[in-house]
$ cat data-v4.cif   # mmCIF, C-alpha atoms
data_final
loop_
_atom_site.label_atom_id
_atom_site.label_comp_id
_atom_site.auth_asym_id
_atom_site.auth_seq_id
_atom_site.Cartn_x
_atom_site.Cartn_y
_atom_site.Cartn_z
CA MET A 1 -17.59 -6.56 -52.50
CA SER A 2 -13.97 -5.86 -51.56
CA ALA A 3 -12.71 -2.78 -49.79
CA ASP A 4 -11.37 -1.50 -53.11
CA THR A 5 -14.64 -1.87 -55.02
CA PRO A 6 -16.32 1.48 -55.78
CA LEU A 7 -19.40 1.95 -53.64
CA GLN A 8 -22.78 2.87 -55.03
CA LYS A 9 -24.91 5.82 -53.90
CA GLU A 10 -26.84 4.97 -50.77
CA PRO A 11 -30.35 3.66 -51.57
CA GLU A 12 -33.17 6.11 -50.88
CA SER A 13 -34.60 3.93 -48.12
CA SER A 14 -31.41 4.20 -46.09
CA GLN A 15 -30.64 7.90 -46.45
CA ASN A 16 -30.74 10.20 -43.46
CA PRO A 17 -33.30 12.98 -43.06
CA PRO A 18 -32.59 16.07 -45.18
CA VAL A 19 -30.64 18.91 -43.60
CA ASP A 20 -31.34 22.62 -43.68
CA GLY A 21 -27.93 24.12 -42.93
CA SER A 22 -28.94 25.29 -39.45
CA GLU A 23 -26.74 24.99 -36.38
CA LEU A 24 -26.80 21.36 -35.22
CA ILE A 25 -24.23 21.34 -32.40
CA ARG A 26 -23.34 24.22 -30.09
CA PHE A 27 -20.78 24.22 -27.27
CA ASP A 28 -21.20 27.32 -25.10
CA LYS A 29 -18.37 28.07 -22.66
CA VAL A 30 -17.81 24.37 -21.95
CA THR A 31 -15.10 23.44 -19.45
CA LYS A 32 -14.07 19.91 -18.57
CA ARG A 33 -11.49 19.02 -15.95
CA PHE A 34 -9.90 15.79 -14.82
CA GLY A 35 -8.62 16.71 -11.40
CA SER A 36 -6.41 19.76 -11.85
CA ASN A 37 -6.00 19.09 -15.58
CA VAL A 38 -8.23 21.37 -17.68
CA VAL A 39 -9.01 19.33 -20.80
CA LEU A 40 -11.51 21.77 -22.35
CA ASP A 41 -11.09 25.42 -21.45
CA ASN A 42 -14.21 27.59 -21.81
CA LEU A 43 -14.82 26.11 -25.25
CA ASP A 44 -17.15 27.75 -27.77
CA PHE A 45 -17.74 26.11 -31.13
CA SER A 46 -20.53 24.97 -33.40
CA VAL A 47 -21.22 22.58 -36.27
CA ASP A 48 -23.85 23.32 -38.90
CA SER A 49 -26.22 20.71 -40.25
CA GLY A 50 -24.85 18.82 -43.25
CA LYS A 51 -21.24 19.91 -42.70
CA HIS A 52 -18.17 17.72 -42.19
CA VAL A 53 -15.95 19.12 -39.45
CA THR A 54 -12.63 17.56 -38.44
CA LEU A 55 -10.80 18.15 -35.18
CA ILE A 56 -7.03 17.86 -35.33
CA GLY A 57 -4.27 18.47 -32.81
CA PRO A 58 -1.89 16.66 -30.47
CA SER A 59 -3.01 13.86 -28.18
CA GLY A 60 -4.48 15.23 -24.97
CA SER A 61 -5.72 18.47 -26.56
CA GLY A 62 -9.40 17.68 -25.83
CA LYS A 63 -10.67 16.38 -29.15
CA THR A 64 -12.04 13.01 -28.04
CA THR A 65 -13.43 14.61 -24.87
CA ILE A 66 -15.76 16.65 -27.10
CA LEU A 67 -17.17 13.49 -28.64
CA ARG A 68 -17.55 11.80 -25.27
CA LEU A 69 -19.43 14.81 -23.91
CA LEU A 70 -21.81 14.63 -26.86
CA MET A 71 -22.42 10.95 -26.16
CA THR A 72 -22.91 11.84 -22.44
CA LEU A 73 -20.13 9.42 -21.54
CA LEU A 74 -18.66 12.42 -19.70
CA LYS A 75 -20.30 15.43 -18.09
CA ALA A 76 -19.09 19.00 -18.52
CA ASP A 77 -18.05 20.86 -15.38
CA GLU A 78 -19.24 24.19 -16.76
CA GLY A 79 -21.16 25.43 -19.79
CA THR A 80 -23.90 23.98 -21.95
CA ILE A 81 -24.20 21.83 -25.06
CA LYS A 82 -27.07 21.99 -27.54
CA VAL A 83 -27.90 19.36 -30.16
CA ASN A 84 -30.49 20.12 -32.84
CA GLY A 85 -31.70 23.11 -30.84
CA ASP A 86 -32.18 21.26 -27.55
CA TYR A 87 -29.97 21.30 -24.49
CA LEU A 88 -28.25 17.93 -24.15
CA THR A 89 -27.81 17.60 -20.38
CA HIS A 90 -30.01 20.48 -19.21
CA GLU A 91 -33.70 21.31 -19.34
CA GLU A 92 -35.50 24.63 -19.06
CA LYS A 93 -37.96 24.67 -16.16
CA ASN A 94 -39.67 27.78 -14.86
CA GLY A 95 -37.27 29.92 -16.86
CA LYS A 96 -34.17 28.28 -15.40
CA LEU A 97 -31.70 25.70 -16.67
CA VAL A 98 -31.61 22.59 -14.50
CA PRO A 99 -29.90 19.20 -14.94
CA ALA A 100 -31.89 17.08 -17.39
CA GLY A 101 -33.51 13.77 -16.57
CA GLU A 102 -32.45 10.57 -18.30
CA LYS A 103 -35.53 10.55 -20.57
CA HIS A 104 -34.67 13.99 -21.94
CA ILE A 105 -31.02 13.04 -22.45
CA ARG A 106 -31.95 9.83 -24.29
CA GLU A 107 -34.30 11.73 -26.60
CA VAL A 108 -31.70 14.36 -27.54
CA ARG A 109 -28.99 11.72 -27.88
CA LYS A 110 -31.03 9.95 -30.58
CA ASN A 111 -29.72 12.64 -32.92
CA ILE A 112 -26.17 11.35 -32.44
CA GLY A 113 -24.38 8.26 -33.72
CA MET A 114 -20.81 7.41 -32.84
CA VAL A 115 -18.15 5.11 -34.23
CA PHE A 116 -15.44 4.36 -31.66
CA GLN A 117 -11.77 3.39 -31.99
CA GLN A 118 -12.70 -0.10 -30.86
CA PHE A 119 -15.58 -1.62 -32.79
CA ASN A 120 -17.84 -2.37 -29.79
CA LEU A 121 -19.98 -4.83 -31.72
CA PHE A 122 -22.16 -7.34 -29.89
CA PRO A 123 -20.05 -10.52 -30.18
CA ASN A 124 -23.02 -12.85 -29.59
CA MET A 125 -25.07 -11.33 -32.43
CA LYS A 126 -24.62 -11.84 -36.15
CA VAL A 127 -23.95 -8.82 -38.34
CA LEU A 128 -27.61 -8.34 -39.31
CA ARG A 129 -28.82 -8.27 -35.71
CA ASN A 130 -25.98 -5.93 -34.71
CA LEU A 131 -27.58 -3.45 -37.10
CA THR A 132 -31.24 -4.09 -36.23
CA GLU A 133 -31.17 -4.46 -32.43
CA ALA A 134 -31.14 -0.75 -31.54
CA PRO A 135 -33.55 0.48 -34.27
CA VAL A 136 -36.10 -2.09 -33.09
CA THR A 137 -35.66 -1.70 -29.33
CA VAL A 138 -34.87 2.04 -29.15
CA LEU A 139 -36.63 3.55 -32.16
CA GLY A 140 -39.51 1.09 -32.24
CA MET A 141 -38.98 0.16 -35.89
CA SER A 142 -40.55 -3.02 -37.15
CA LYS A 143 -38.16 -5.93 -37.61
CA GLU A 144 -38.89 -5.92 -41.35
CA ALA A 145 -38.12 -2.20 -41.77
CA ALA A 146 -34.98 -2.46 -39.65
CA GLU A 147 -33.72 -5.42 -41.69
CA GLU A 148 -34.40 -3.62 -44.97
CA ARG A 149 -32.39 -0.63 -43.81
CA ALA A 150 -29.64 -2.90 -42.47
CA ARG A 151 -29.30 -4.63 -45.84
CA ASP A 152 -29.10 -1.27 -47.63
CA LEU A 153 -26.38 -0.08 -45.25
CA LEU A 154 -24.39 -3.29 -45.54
CA GLU A 155 -24.46 -2.80 -49.29
CA LEU A 156 -23.21 0.74 -48.77
CA VAL A 157 -20.22 -0.43 -46.71
CA GLY A 158 -19.52 -3.41 -48.96
CA LEU A 159 -20.41 -6.22 -46.58
CA THR A 160 -23.60 -7.77 -47.94
CA GLU A 161 -22.03 -11.22 -48.19
CA HIS A 162 -21.13 -11.16 -44.47
CA ILE A 163 -24.64 -10.52 -43.17
CA ASP A 164 -24.92 -13.88 -41.37
CA LYS A 165 -21.45 -13.90 -39.80
CA TYR A 166 -20.47 -13.15 -36.22
CA PRO A 167 -18.05 -10.26 -35.59
CA THR A 168 -15.23 -12.65 -34.69
CA GLN A 169 -15.44 -14.08 -38.21
CA LEU A 170 -14.60 -10.68 -39.71
CA SER A 171 -11.36 -8.76 -40.09
CA GLY A 172 -10.83 -5.59 -38.06
CA GLY A 173 -11.59 -3.43 -41.08
CA GLN A 174 -14.80 -5.33 -41.76
CA GLN A 175 -15.84 -5.01 -38.13
CA GLN A 176 -15.29 -1.26 -38.25
CA ARG A 177 -17.39 -1.01 -41.40
CA VAL A 178 -20.16 -2.91 -39.61
CA ALA A 179 -19.83 -0.41 -36.74
CA ILE A 180 -20.23 2.47 -39.20
CA ALA A 181 -23.34 0.86 -40.67
CA ARG A 182 -24.73 0.21 -37.19
CA ALA A 183 -24.34 3.88 -36.26
CA LEU A 184 -26.10 4.95 -39.46
CA ALA A 185 -28.92 2.48 -38.85
CA MET A 186 -30.25 4.77 -36.11
CA ARG A 187 -30.68 7.60 -38.63
CA PRO A 188 -28.67 10.09 -36.57
CA LYS A 189 -28.38 13.69 -37.63
CA VAL A 190 -24.68 13.72 -36.79
CA LEU A 191 -22.08 10.96 -36.97
CA LEU A 192 -19.18 11.19 -34.54
CA LEU A 193 -15.97 9.48 -35.64
CA ASP A 194 -13.30 8.93 -33.00
CA GLU A 195 -9.99 7.83 -34.56
CA VAL A 196 -11.87 5.04 -36.29
CA THR A 197 -8.76 3.59 -37.97
CA SER A 198 -6.37 3.74 -35.02
CA ALA A 199 -7.02 0.11 -33.97
CA LEU A 200 -6.63 -1.29 -37.49
CA ASP A 201 -3.68 -2.89 -39.18
CA PRO A 202 -2.22 -0.45 -41.74
CA GLU A 203 -3.43 -2.45 -44.76
CA LEU A 204 -7.05 -2.20 -43.54
CA VAL A 205 -7.12 1.56 -43.02
CA ALA A 206 -7.71 2.56 -46.65
CA GLY A 207 -10.86 0.45 -47.01
CA VAL A 208 -12.53 2.03 -43.97
CA LEU A 209 -11.56 5.56 -45.03
CA ASP A 210 -12.91 4.91 -48.53
CA VAL A 211 -16.27 3.92 -47.02
CA LEU A 212 -16.37 7.12 -44.99
CA ARG A 213 -15.42 9.22 -48.01
CA ASP A 214 -18.30 7.66 -49.92
CA ILE A 215 -20.74 8.35 -47.07
CA ALA A 216 -19.55 11.96 -46.89
CA ARG A 217 -19.97 12.35 -50.65
CA THR A 218 -23.33 10.63 -51.14
CA THR A 219 -25.37 11.38 -48.00
CA ASP A 220 -26.49 14.47 -46.12
CA ILE A 221 -25.30 13.33 -42.71
CA THR A 222 -23.31 15.76 -40.59
CA MET A 223 -19.90 14.49 -39.50
CA LEU A 224 -17.72 15.48 -36.56
CA CYS A 225 -14.44 13.64 -36.88
CA VAL A 226 -11.33 13.23 -34.73
CA THR A 227 -8.47 11.80 -36.77
CA HIS A 228 -4.74 11.77 -37.34
CA GLU A 229 -5.33 10.80 -40.98
CA MET A 230 -4.59 14.22 -42.45
CA ASN A 231 -5.21 13.30 -46.09
CA PHE A 232 -8.64 12.00 -45.11
CA ALA A 233 -9.34 15.22 -43.19
CA ARG A 234 -8.30 17.24 -46.21
CA ASP A 235 -10.57 15.21 -48.50
CA ILE A 236 -13.84 15.18 -46.55
CA SER A 237 -13.85 18.34 -44.42
CA ASP A 238 -15.77 21.54 -44.90
CA ALA A 239 -13.90 22.92 -41.89
CA VAL A 240 -10.87 21.86 -39.84
CA LEU A 241 -10.34 22.94 -36.23
CA MET A 242 -6.86 22.86 -34.74
CA PHE A 243 -6.97 22.13 -31.01
CA ASP A 244 -4.27 22.76 -28.47
CA LYS A 245 -4.58 22.68 -24.67
CA GLY A 246 -8.39 22.49 -24.72
CA ARG A 247 -8.98 25.43 -27.02
CA VAL A 248 -9.49 26.00 -30.73
CA LEU A 249 -6.22 27.51 -31.88
CA GLU A 250 -7.48 28.20 -35.39
CA SER A 251 -10.14 27.00 -37.80
CA GLY A 252 -10.93 27.25 -41.47
CA PRO A 253 -11.38 25.29 -44.69
CA PRO A 254 -8.87 22.46 -45.18
CA GLU A 255 -6.98 24.27 -47.92
CA LYS A 256 -6.32 27.12 -45.48
CA ILE A 257 -5.39 25.00 -42.44
CA PHE A 258 -3.19 22.57 -44.36
CA GLY A 259 -1.87 25.02 -46.94
CA ASP A 260 -1.42 28.30 -45.06
CA PRO A 261 -1.96 27.96 -41.29
CA GLU A 262 -1.74 31.10 -39.19
CA HIS A 263 -0.16 29.72 -36.01
CA ASP A 264 3.32 28.33 -35.47
CA ARG A 265 1.82 25.59 -33.28
CA THR A 266 -0.36 24.42 -36.19
CA ARG A 267 2.62 24.40 -38.53
CA GLU A 268 4.66 22.42 -35.98
CA PHE A 269 1.90 19.87 -35.55
CA LEU A 270 1.31 19.41 -39.27
CA SER A 271 5.03 19.08 -40.01
CA ALA A 272 5.13 16.20 -37.52
CA VAL A 273 2.14 14.30 -38.91
CA LEU A 274 2.26 14.97 -42.67
#
$ encode --input "data-v4.cif" --output "structure tokens"
Amino acid sequence: MSADTPLQKEPESSQNPPVDGSELIRFDKVTKRFGSNVVLDNLDFSVDSGKHVTLIGPSGSGKTTILRLLMTLLKADEGTIKVNGDYLTHEEKNGKLVPAGEKHIREVRKNIGMVFQQFNLFPNMKVLRNLTEAPVTVLGMSKEAAEERARDLLELVGLTEHIDKYPTQLSGGQQQRVAIARALAMRPKVLLLDEVTSALDPELVAGVLDVLRDIARTTDITMLCVTHEMNFARDISDAVLMFDKGRVLESGPPEKIFGDPEHDRTREFLSAVL
């Protein structure tokens, strides 16, 4: 299947658990500094289950830092983060919040899948095993069940015929689609997307964005997306948050943010990228 071929609805066996519209992610007064540079400034925001939320704004405004905090690749200096009702890097003991142990963090992090700018595939593993390795070793799925789900997901992203290839035998766009499928293979409740087309040649961008549009349209998975692809953000988002200097400058549905923004800074940013 080519990147331009319409994708089919995801098979039942590969869909994510149903959502109930409750709050899935909550940042509460989160601050992150790098030296004297405050990247996130007392940030409060939330994402509801099943929603597609896009973060926009200039480089350095804190957007990717949010995703890296959720993946525990970074640690907040102040504040707390909850995922699916549980603290991510804290635990409640004797009525107090204390730093969480690695077992707790791993358990909460199972709710999260991330697709990075770089594909981060295992170069020594064929496509099929790239998708089955973590479900088998982390989730304890049987090899047969993991392979069935992997085949369904490769059909979803249009790569069934490449199942026995190594990543180096694929184009950048194909590798990124494998990375998307690999993230979904863990059945996360939320999919984090960090500028997933920024490392691709321009002619490969559309195919990857079409896959993500199809996933947004045909599955219940929650999405938190950082992108400079404004048309994509307009298409898939339930809400768009404009970031500047580590804070949410304004937020709202895409038709409001792109069509009638409140702040001059938002208008300046959009006029530069649209």
$ resolve_selection --input "data-v4.cif" --expression "the PyMOL selection byres ((chain A and resi 57-64) around 10)" --output "VMD selection string"
chain A and resid 32 38 to 41 54 to 56 65 to 70 116 192 to 195 225 to 228 241 to 249 265 to 266 269 to 270 272 to 273
$ resolve_selection --input "data-v4.cif" --expression "the PyMOL selection byres ((chain A and resi 220) around 6)" --output "list in words"
Gly50, Thr219 and Ile221 of chain A
$ atom_distance --input "data-v4.cif" --atom1 "atom CA of Ala181 of chain A" --atom2 "atom CA of Leu156 of chain A"
8.1 Å
$ atom_distance --input "data-v4.cif" --atom1 "atom CA of Lys256 of chain A" --atom2 "atom CA of Gly207 of chain A"
27.1 Å
$ residues_around --input "data-v4.cif" --residues "segment 91-100 of chain A" --least-positions-apart "6" --cutoff "12 Å" --atoms "all atoms listed in the file" --output "VMD selection string"
chain A and resid 72 75 to 82 85 106 to 108
$ resolve_selection --input "data-v4.cif" --expression "the PyMOL selection byres ((chain A and resi 111) around 12)" --output "MDAnalysis selection string"
chainID A and resid 16:17 24:25 49 70:71 82:86 88 105:110 112:114 139 183:192 221:223
$ atom_distance --input "data-v4.cif" --atom1 "atom CA of Arg26 of chain A" --atom2 "atom CA of Phe45 of chain A"
6.0 Å
$ residues_around --input "data-v4.cif" --residues "His162 of chain A" --least-positions-apart "2" --cutoff "10 Å" --atoms "only C-alpha atoms" --output "PyMOL selection string"
chain A and resi 1+126-128+154+158-160+164-167+169-170+174+178
$ closest_residue --input "data-v4.cif" --among "A:Lys103, A:Arg149, A:Arg33, A:Arg234" --to "Arg129 of chain A" --atoms "all atoms listed in the file"
A:Arg149
$ closest_residue --input "data-v4.cif" --among "A:Ile163, A:Leu274, A:Ile257, A:Leu200" --to "Gln118 of chain A" --atoms "all atoms listed in the file"
A:Leu200
$ closest_residue --input "data-v4.cif" --among "A:Gln175, A:Val115, A:Asp210, A:Met230" --to "Val196 of chain A" --atoms "all atoms listed in the file"
A:Val115
$ residues_around --input "data-v4.cif" --residues "Asn130 of chain A" --least-positions-apart "3" --cutoff "9 Å" --atoms "all atoms listed in the file" --output "NGL selection string"
:A and (121-123 or 125-127 or 133-134 or 178-179 or 182)
$ decode --input "data-v4.cif" --residues "segment 98-127 of chain A" --atoms "N, CA and C atoms" --output "compact mmCIF listing (two decimals), in the first residue's frame"
# COMPACT_ATOMS: atom_id res chain seq x y z
N VAL A 98 5.57 11.84 48.00
CA VAL A 98 7.01 11.59 48.02
C VAL A 98 7.44 11.16 46.63
N PRO A 99 8.74 11.31 46.29
CA PRO A 99 9.20 10.85 44.98
C PRO A 99 8.89 9.37 44.77
N ALA A 100 8.40 9.04 43.58
CA ALA A 100 7.98 7.67 43.29
C ALA A 100 9.17 6.79 42.96
N GLY A 101 9.03 5.50 43.25
CA GLY A 101 10.02 4.52 42.86
C GLY A 101 9.89 4.18 41.39
N GLU A 102 10.90 3.51 40.85
CA GLU A 102 10.92 3.21 39.43
C GLU A 102 9.77 2.29 39.03
N LYS A 103 9.38 1.36 39.90
CA LYS A 103 8.27 0.45 39.57
C LYS A 103 6.98 1.22 39.36
N HIS A 104 6.70 2.18 40.23
CA HIS A 104 5.50 3.01 40.11
C HIS A 104 5.54 3.81 38.81
N ILE A 105 6.70 4.42 38.54
CA ILE A 105 6.83 5.25 37.33
C ILE A 105 6.60 4.40 36.08
N ARG A 106 7.21 3.22 36.04
CA ARG A 106 7.03 2.34 34.87
C ARG A 106 5.56 1.98 34.68
N GLU A 107 4.85 1.71 35.76
CA GLU A 107 3.45 1.31 35.66
C GLU A 107 2.59 2.45 35.10
N VAL A 108 2.81 3.66 35.59
CA VAL A 108 2.03 4.80 35.11
C VAL A 108 2.41 5.13 33.67
N ARG A 109 3.69 4.97 33.35
CA ARG A 109 4.17 5.32 32.01
C ARG A 109 3.64 4.37 30.94
N LYS A 110 3.14 3.20 31.34
CA LYS A 110 2.54 2.28 30.37
C LYS A 110 1.35 2.90 29.65
N ASN A 111 0.77 3.93 30.26
CA ASN A 111 -0.37 4.60 29.63
C ASN A 111 0.05 5.49 28.46
N ILE A 112 1.36 5.69 28.29
CA ILE A 112 1.86 6.70 27.36
C ILE A 112 2.69 6.05 26.26
N GLY A 113 2.41 6.44 25.02
CA GLY A 113 3.27 6.09 23.89
C GLY A 113 3.78 7.36 23.24
N MET A 114 4.99 7.30 22.72
CA MET A 114 5.55 8.51 22.11
C MET A 114 6.21 8.20 20.78
N VAL A 115 6.01 9.10 19.83
CA VAL A 115 6.68 9.04 18.54
C VAL A 115 7.59 10.27 18.47
N PHE A 116 8.89 10.03 18.30
CA PHE A 116 9.89 11.08 18.37
C PHE A 116 10.17 11.66 16.97
N GLN A 117 10.93 12.76 16.96
CA GLN A 117 11.37 13.35 15.69
C GLN A 117 12.22 12.35 14.91
N GLN A 118 13.17 11.75 15.59
CA GLN A 118 13.96 10.67 15.00
C GLN A 118 13.24 9.36 15.29
N PHE A 119 13.38 8.40 14.41
CA PHE A 119 12.50 7.23 14.43
C PHE A 119 12.80 6.28 15.59
N ASN A 120 14.09 6.21 16.00
CA ASN A 120 14.47 5.41 17.17
C ASN A 120 14.06 3.95 17.06
N LEU A 121 14.07 3.40 15.86
CA LEU A 121 13.79 1.98 15.69
C LEU A 121 15.03 1.17 16.04
N PHE A 122 14.82 -0.09 16.39
CA PHE A 122 15.94 -0.99 16.66
C PHE A 122 16.52 -1.44 15.32
N PRO A 123 17.73 -1.00 14.96
CA PRO A 123 18.24 -1.28 13.62
C PRO A 123 18.54 -2.75 13.37
N ASN A 124 18.77 -3.51 14.44
CA ASN A 124 19.11 -4.93 14.29
C ASN A 124 17.88 -5.83 14.28
N MET A 125 16.69 -5.24 14.36
CA MET A 125 15.45 -6.02 14.36
C MET A 125 14.63 -5.69 13.12
N LYS A 126 14.03 -6.71 12.54
CA LYS A 126 13.11 -6.48 11.44
C LYS A 126 11.87 -5.74 11.93
N VAL A 127 11.08 -5.25 10.98
CA VAL A 127 9.91 -4.44 11.31
C VAL A 127 8.99 -5.17 12.28
